[in-house]
Each structure stands twice: as structure tokens, then as C-alpha cells.
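Colleague: Got a structure for you, questions after.
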Amino acid sequence: MLDIGILVVLVYSIVETLEKFGINRKYAHLLAIPLGIVCSLFALHGSMKELIIKGLLIGFGSVGACDASCNIVDWVNSKKTNS
């Protein structure tokens with residue numbers, strides 16, 4: 001399970017980097033799912049079915065982390081401007 005966690009962080013950092021380079025947030029988050037599948041195919045062991053499922057988990061996990069962190073930052077910034 002630790003491998004999946006590390007790959008979630010790796011895909012998250014790639015997606016955030018793509019956003020910094022100017023790719024729309026919606027499209028960058030959509031790229032997280034195929035990135036997760038590709039990372040799982042190269043970094044994990046198991047049958048093809050297991051690797052695709054783990055890749056989907058990695059992609060969805062990184063998208064969830066991206067959305068949660070973006071929402072927290074937006075909330076904090078809105079509190080700063082309202083104060």
C-alpha cells in the first residue's frame with residue numbers, strides 16, 4: 001500500500017506542475033487518471049487487471065488530493081480577504 005501512496009503523491013505533483021504551466025485545472029485533473037494507470041503499469045507488480053484498478057485508485061486519489069487542497073487554499077484566501 002505504501003507504493004500506491006507514493007505514486008499518488010507523484011501524480012499529484014505532476015498535475016500541480018501542469019497547472020502551474022498554464023493547463024486548465026479541469027484538463028490537468030483529467031490527465032491524472034491516465035497518469036495513474038501508466039505509473040502503476042511501470043512501478044507496481046501484479047496482473048493487468050490489478051494494475052489498472054490500482055492505477056485508477058492512484059489517479060482518483062491524486063485528483064481528490066488536488067481538489068481538497070485547492071478548496072482549502074481558496075477558503076483560506078477568502079477568509080483573509082473578508083477579514
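Labeling convention for the C-alpha cells: chains A, B, ... as they appear, residues from 1 per chain, ligands from 1 in order of appearance.
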Leaving out Arg25 in chain A and any residue of its chain fewer than 3 positions from it, which residues lie within 12 Å of it when counting only C-alpha atoms, given as a PyMOL selection string?
Modeller: chain A and resi 15-22+28-32+63+66-67+70
Colleague: Kindly export the residues of the current selection with C-alpha atoms, as a CSV table (one decimal), in the first residue's frame.
Modeller:
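Below you can see out_14.csv, which holds the result:
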chain,number,residue,atom,x,y,z
A,15,VAL,CA,-0.8,17.5,-12.1
A,16,GLU,CA,0.1,20.6,-9.9
A,17,THR,CA,3.1,21.3,-12.1
A,18,LEU,CA,0.9,21.1,-15.2
A,19,GLU,CA,-1.5,23.6,-13.6
A,20,LYS,CA,1.5,25.9,-12.9
A,21,PHE,CA,2.5,25.8,-16.6
A,22,GLY,CA,-1.0,27.1,-17.5
A,28,ALA,CA,-5.0,18.7,-15.7
A,29,HIS,CA,-7.2,16.7,-13.3
A,30,LEU,CA,-8.4,14.6,-16.2
A,31,LEU,CA,-4.8,13.7,-17.0
A,32,ALA,CA,-4.3,12.4,-13.5
A,63,VAL,CA,-7.4,14.3,-8.2
A,66,CYS,CA,-5.8,18.3,-5.7
A,67,ASP,CA,-9.4,19.3,-5.3
A,70,CYS,CA,-7.4,23.8,-3.8
Colleague: Using only C-alpha atoms for the distances, tell me which of A:Asn24, A:Asn71, A:Ser62, A:Ser13 is nearest to Gly36 in chain A.
Modeller: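 Distance minimum relative to Gly36 in chain A lands on A:Ser62.
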Colleague: As an exercise, work out the distance from CA of Ala43 in chain A to CA of Ile4 in chain A in Å and give it to one decimal place.
Modeller: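 Separating CA of Ala43 in chain A from CA of Ile4 in chain A is a distance of 9.3 Å.
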Colleague: Enter the distance from CA of Ile52 in chain A to CA of Leu10 in chain A, in Å, rounded to one decimal.
Modeller: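 These two atoms are separated by 16.9 Å.
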Colleague: Rank A:Thr81, A:Ser69, A:Gly5, A:Leu35 by their smallest atom-to-atom distance to Leu56 in chain A, using only C-alpha atoms, and report the top residue only.
Modeller: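 That would be A:Leu35, the residue with the smallest distance to Leu56 in chain A.
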Colleague: By how many Å are CA of Pro34 in chain A and CA of Ser47 in chain A apart?
Modeller: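 Between CA of Pro34 in chain A and CA of Ser47 in chain A the gap is 17.5 Å.
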